[in-house]
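Engineer: First, the structure itself, so that you have it in front of you.
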Amino acid sequence: MKDLGPVAWPPEPIRTERLVLRESEARDRAAFIELHASPEVHTYLGGPRPRDELEREMPEVPARWPGSFVVDLDGAMIGQILLRRATGHRRPAAAGKADLGYLFLPRAWGYGYAAEACAAALGWLADTLPGEPVVLATQTANVGSMRLAAKLGFTEVERFDAWGAEQWLGRRSPVAPSG
């Protein structure tokens with residue numbers, strides 16, 4: 001995984017009760033375009049990208065890099081989980097830590113899929129890199145993301161202003177491997 005050390009990528013698909021976290025495939029391209037063109041998804045992320053631009057620039061197999069998981073429900077992509085090293089993070093408390101990010105299509109909101117997928121990815125990370133602390137940043141106005149962060153065990157490190165809004169930085173302490 002990029003910047004997270006000697007991690008074999010891709011891992012075997014991670015299965016939960018309802019979901020599969022797997023590597024991106026060509027069949028996911030339309031869902032990636034929908035995800036990045038969605039005004040709802042990008043309300044707190046600086047706004048969506050134009051669909052025609054995404055159609056031109058999106059590779060045949062999007063987001064196929066270490067740390068990027070497609071969240072699959074019944075054979076279709078509903079979201080993406082990202083785990084990467086926060087090497088260029090503006091906040092000293094986050095710099096160098098593993099960083100969790102997530103995006104879900106609006107039709108998948110409200111069913112607990114984000115919590116289930118993020119918990120599975122964090123479990124994989126704890127097994128793969130024991131003792132690794134994880135950070136998560138979100139806008140304080142993003143109530144759903146704030147709730148998810150709390151549910152996943154992130155606690156506030158600091159609040160700061162960036163991109164014209166108050167941001168929240170949380171940290172999840174290392175947990176023992178689940179295996």
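Labels used: A, B, ... for chains in the order of the structure tokens, numbers from 1 for residues in each chain, and numbers from 1 for ligands as shown.
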Name all residues at most 12 Å from A:Ala114 (count only C-alpha atoms; drop same-chain ones fewer than 3 positions away) and give them as a VMD selection string.
Structural biologist: chain A and resid 16 18 to 21 70 to 73 78 to 81 100 to 111 117 to 122 144 to 145 147 to 149 151 to 152
Engineer: Fewer than 4 positions away in the same chain doesn't count, so skip those; otherwise give me all residues within 6 Å of stretch 169-174 of chain A, counting only C-alpha atoms, as a PyMOL selection string.
Structural biologist: chain A and resi 131-137+153-158
Engineer: Just the residues within 9 Å of A:Arg29, please, counting only C-alpha atoms, with nothing from its chain fewer than 4 positions along; format it as a VMD selection string.
Structural biologist: chain A and resid 24 to 25 33 to 34 58 to 62
Engineer: Record the distance separating atom CA of A:Leu83 and atom CA of A:Gly96, expressed in Å with one decimal.
Structural biologist: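 Separation between atom CA of A:Leu83 and atom CA of A:Gly96: 12.4 Å.
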Engineer: I want to know what sits within 9 Å of stretch 36-39 of chain A, based on only C-alpha atoms, with residues of the same chain fewer than 4 positions away left out; could you give that as number ranges by chain?
Structural biologist: A: 31-32, 43, 47-51, 54, 103, 105-106
Engineer: From stretch 3-178 of chain A, collect each residue whose DSSP state is alpha helix (DSSP H) and return the set as a ChimeraX atom specification.
Structural biologist: /A:29-37,51-57,113-128,143-151
Engineer: Next, dump the selected residues to file, keeping only N, CA and C atoms, as a compact mmCIF listing (two decimals), in the first residue's frame.
Structural biologist:
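Heads up, here's the output in out-v2.txt:
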```
# COMPACT_ATOMS: atom_id res chain seq x y z
N ARG A 29 -16.58 1.60 -13.44
CA ARG A 29 -16.32 2.93 -13.99
C ARG A 29 -17.54 3.84 -13.92
N ALA A 30 -18.70 3.37 -14.33
CA ALA A 30 -19.91 4.21 -14.31
C ALA A 30 -20.26 4.65 -12.88
N ALA A 31 -20.09 3.76 -11.92
CA ALA A 31 -20.38 4.11 -10.52
C ALA A 31 -19.37 5.14 -10.00
N PHE A 32 -18.10 5.03 -10.40
CA PHE A 32 -17.11 6.03 -10.00
C PHE A 32 -17.47 7.40 -10.57
N ILE A 33 -17.90 7.42 -11.82
CA ILE A 33 -18.30 8.69 -12.43
C ILE A 33 -19.49 9.27 -11.67
N GLU A 34 -20.48 8.44 -11.38
CA GLU A 34 -21.65 8.89 -10.62
C GLU A 34 -21.23 9.41 -9.24
N LEU A 35 -20.32 8.72 -8.59
CA LEU A 35 -19.85 9.11 -7.26
C LEU A 35 -19.17 10.48 -7.28
N HIS A 36 -18.32 10.71 -8.26
CA HIS A 36 -17.56 11.97 -8.30
C HIS A 36 -18.33 13.12 -8.94
N ALA A 37 -19.42 12.82 -9.63
CA ALA A 37 -20.26 13.87 -10.23
C ALA A 37 -21.44 14.24 -9.34
N ARG A 51 -19.58 15.94 -15.09
CA ARG A 51 -19.71 14.57 -15.61
C ARG A 51 -18.95 14.39 -16.93
N ASP A 52 -19.04 15.36 -17.84
CA ASP A 52 -18.36 15.20 -19.13
C ASP A 52 -16.84 15.14 -18.95
N GLU A 53 -16.32 15.89 -18.00
CA GLU A 53 -14.88 15.84 -17.68
C GLU A 53 -14.51 14.47 -17.12
N LEU A 54 -15.34 13.95 -16.24
CA LEU A 54 -15.08 12.62 -15.67
C LEU A 54 -15.14 11.55 -16.75
N GLU A 55 -16.10 11.64 -17.66
CA GLU A 55 -16.22 10.67 -18.76
C GLU A 55 -14.95 10.64 -19.60
N ARG A 56 -14.37 11.81 -19.84
CA ARG A 56 -13.14 11.90 -20.65
C ARG A 56 -11.91 11.41 -19.89
N GLU A 57 -11.82 11.72 -18.60
CA GLU A 57 -10.58 11.50 -17.86
C GLU A 57 -10.53 10.22 -17.03
N TYR A 113 -24.21 0.85 5.68
CA TYR A 113 -23.15 0.29 4.84
C TYR A 113 -21.81 0.95 5.11
N ALA A 114 -21.79 2.26 5.30
CA ALA A 114 -20.52 2.96 5.53
C ALA A 114 -19.87 2.46 6.81
N ALA A 115 -20.64 2.32 7.87
CA ALA A 115 -20.09 1.83 9.14
C ALA A 115 -19.57 0.40 8.98
N GLU A 116 -20.31 -0.43 8.31
CA GLU A 116 -19.92 -1.83 8.10
C GLU A 116 -18.64 -1.91 7.27
N ALA A 117 -18.57 -1.16 6.18
CA ALA A 117 -17.41 -1.20 5.29
C ALA A 117 -16.17 -0.59 5.96
N CYS A 118 -16.35 0.55 6.62
CA CYS A 118 -15.21 1.19 7.29
C CYS A 118 -14.68 0.31 8.42
N ALA A 119 -15.55 -0.29 9.19
CA ALA A 119 -15.12 -1.18 10.28
C ALA A 119 -14.33 -2.36 9.71
N ALA A 120 -14.77 -2.91 8.57
CA ALA A 120 -14.05 -4.02 7.95
C ALA A 120 -12.67 -3.57 7.46
N ALA A 121 -12.60 -2.40 6.84
CA ALA A 121 -11.31 -1.89 6.36
C ALA A 121 -10.37 -1.60 7.52
N LEU A 122 -10.91 -1.03 8.60
CA LEU A 122 -10.08 -0.77 9.79
C LEU A 122 -9.61 -2.07 10.43
N GLY A 123 -10.45 -3.08 10.43
CA GLY A 123 -10.06 -4.39 10.94
C GLY A 123 -8.93 -5.00 10.12
N TRP A 124 -9.05 -4.88 8.79
CA TRP A 124 -8.00 -5.35 7.91
C TRP A 124 -6.69 -4.62 8.20
N LEU A 125 -6.76 -3.30 8.36
CA LEU A 125 -5.57 -2.51 8.64
C LEU A 125 -4.94 -2.92 9.98
N ALA A 126 -5.76 -3.14 10.99
CA ALA A 126 -5.25 -3.56 12.31
C ALA A 126 -4.55 -4.92 12.23
N ASP A 127 -5.07 -5.81 11.40
CA ASP A 127 -4.43 -7.12 11.23
C ASP A 127 -3.15 -7.02 10.41
N THR A 128 -3.15 -6.12 9.42
CA THR A 128 -2.04 -5.99 8.50
C THR A 128 -0.89 -5.16 9.07
N VAL A 143 -22.87 16.14 9.48
CA VAL A 143 -23.38 15.43 10.65
C VAL A 143 -23.27 13.91 10.49
N GLY A 144 -23.57 13.40 9.30
CA GLY A 144 -23.49 11.96 9.08
C GLY A 144 -22.07 11.44 9.24
N SER A 145 -21.11 12.16 8.71
CA SER A 145 -19.71 11.75 8.83
C SER A 145 -19.23 11.86 10.27
N MET A 146 -19.68 12.88 10.97
CA MET A 146 -19.31 13.02 12.39
C MET A 146 -19.87 11.84 13.20
N ARG A 147 -21.09 11.45 12.92
CA ARG A 147 -21.71 10.30 13.61
C ARG A 147 -20.94 9.02 13.31
N LEU A 148 -20.58 8.84 12.04
CA LEU A 148 -19.84 7.65 11.65
C LEU A 148 -18.48 7.60 12.34
N ALA A 149 -17.79 8.73 12.39
CA ALA A 149 -16.49 8.78 13.06
C ALA A 149 -16.60 8.34 14.53
N ALA A 150 -17.62 8.82 15.21
CA ALA A 150 -17.83 8.43 16.61
C ALA A 150 -18.13 6.94 16.72
N LYS A 151 -18.98 6.43 15.83
CA LYS A 151 -19.34 5.02 15.84
C LYS A 151 -18.12 4.12 15.63
```
Engineer: Can you work out the spacing between atom CA of A:Gly5 and atom CA of A:Arg91 in Å, to one decimal?
Structural biologist: 21.5 Å
Engineer: To one decimal in Å, tell me the separation between atom CA of A:Gln167 and atom CA of A:Thr140.
Structural biologist: 5.5 Å
Engineer: Please report, as a PDB file with C-alpha atoms, in the first residue's frame, each residue of stretch 104-171 of chain A to which DSSP assigns strand (DSSP E or B) when run on this structure's backbone.
Structural biologist:
```
ATOM      1  CA  PHE A 104     -20.851   6.411  -0.809  1.00  0.00           C
ATOM      2  CA  VAL A 134      -5.637   6.071  12.078  1.00  0.00           C
ATOM      3  CA  VAL A 135      -6.915   9.605  11.520  1.00  0.00           C
ATOM      4  CA  LEU A 136     -10.042  10.912   9.859  1.00  0.00           C
ATOM      5  CA  ALA A 137     -10.903  14.486   8.885  1.00  0.00           C
ATOM      6  CA  THR A 138     -14.351  15.829   8.032  1.00  0.00           C
ATOM      7  CA  GLN A 139     -16.278  19.066   8.142  1.00  0.00           C
ATOM      8  CA  THR A 155     -12.094  10.822  19.131  1.00  0.00           C
ATOM      9  CA  GLU A 156     -11.509  14.491  18.527  1.00  0.00           C
ATOM     10  CA  VAL A 157      -7.927  15.704  18.315  1.00  0.00           C
ATOM     11  CA  GLU A 158      -8.664  19.210  17.105  1.00  0.00           C
ATOM     12  CA  ARG A 159     -10.885  21.497  15.086  1.00  0.00           C
ATOM     13  CA  PHE A 160      -9.504  23.899  12.532  1.00  0.00           C
ATOM     14  CA  ASP A 161     -10.622  26.125   9.689  1.00  0.00           C
ATOM     15  CA  ALA A 162      -9.817  25.110   6.119  1.00  0.00           C
ATOM     16  CA  ALA A 165     -15.364  25.756   6.858  1.00  0.00           C
ATOM     17  CA  GLU A 166     -14.680  24.283  10.289  1.00  0.00           C
ATOM     18  CA  GLN A 167     -12.968  20.885  10.046  1.00  0.00           C
ATOM     19  CA  TRP A 168     -12.788  18.085  12.601  1.00  0.00           C
ATOM     20  CA  LEU A 169      -9.774  15.826  12.994  1.00  0.00           C
ATOM     21  CA  GLY A 170     -10.239  12.568  14.841  1.00  0.00           C
ATOM     22  CA  ARG A 171      -7.875   9.789  15.822  1.00  0.00           C
TER      23      ARG A 171
END
```
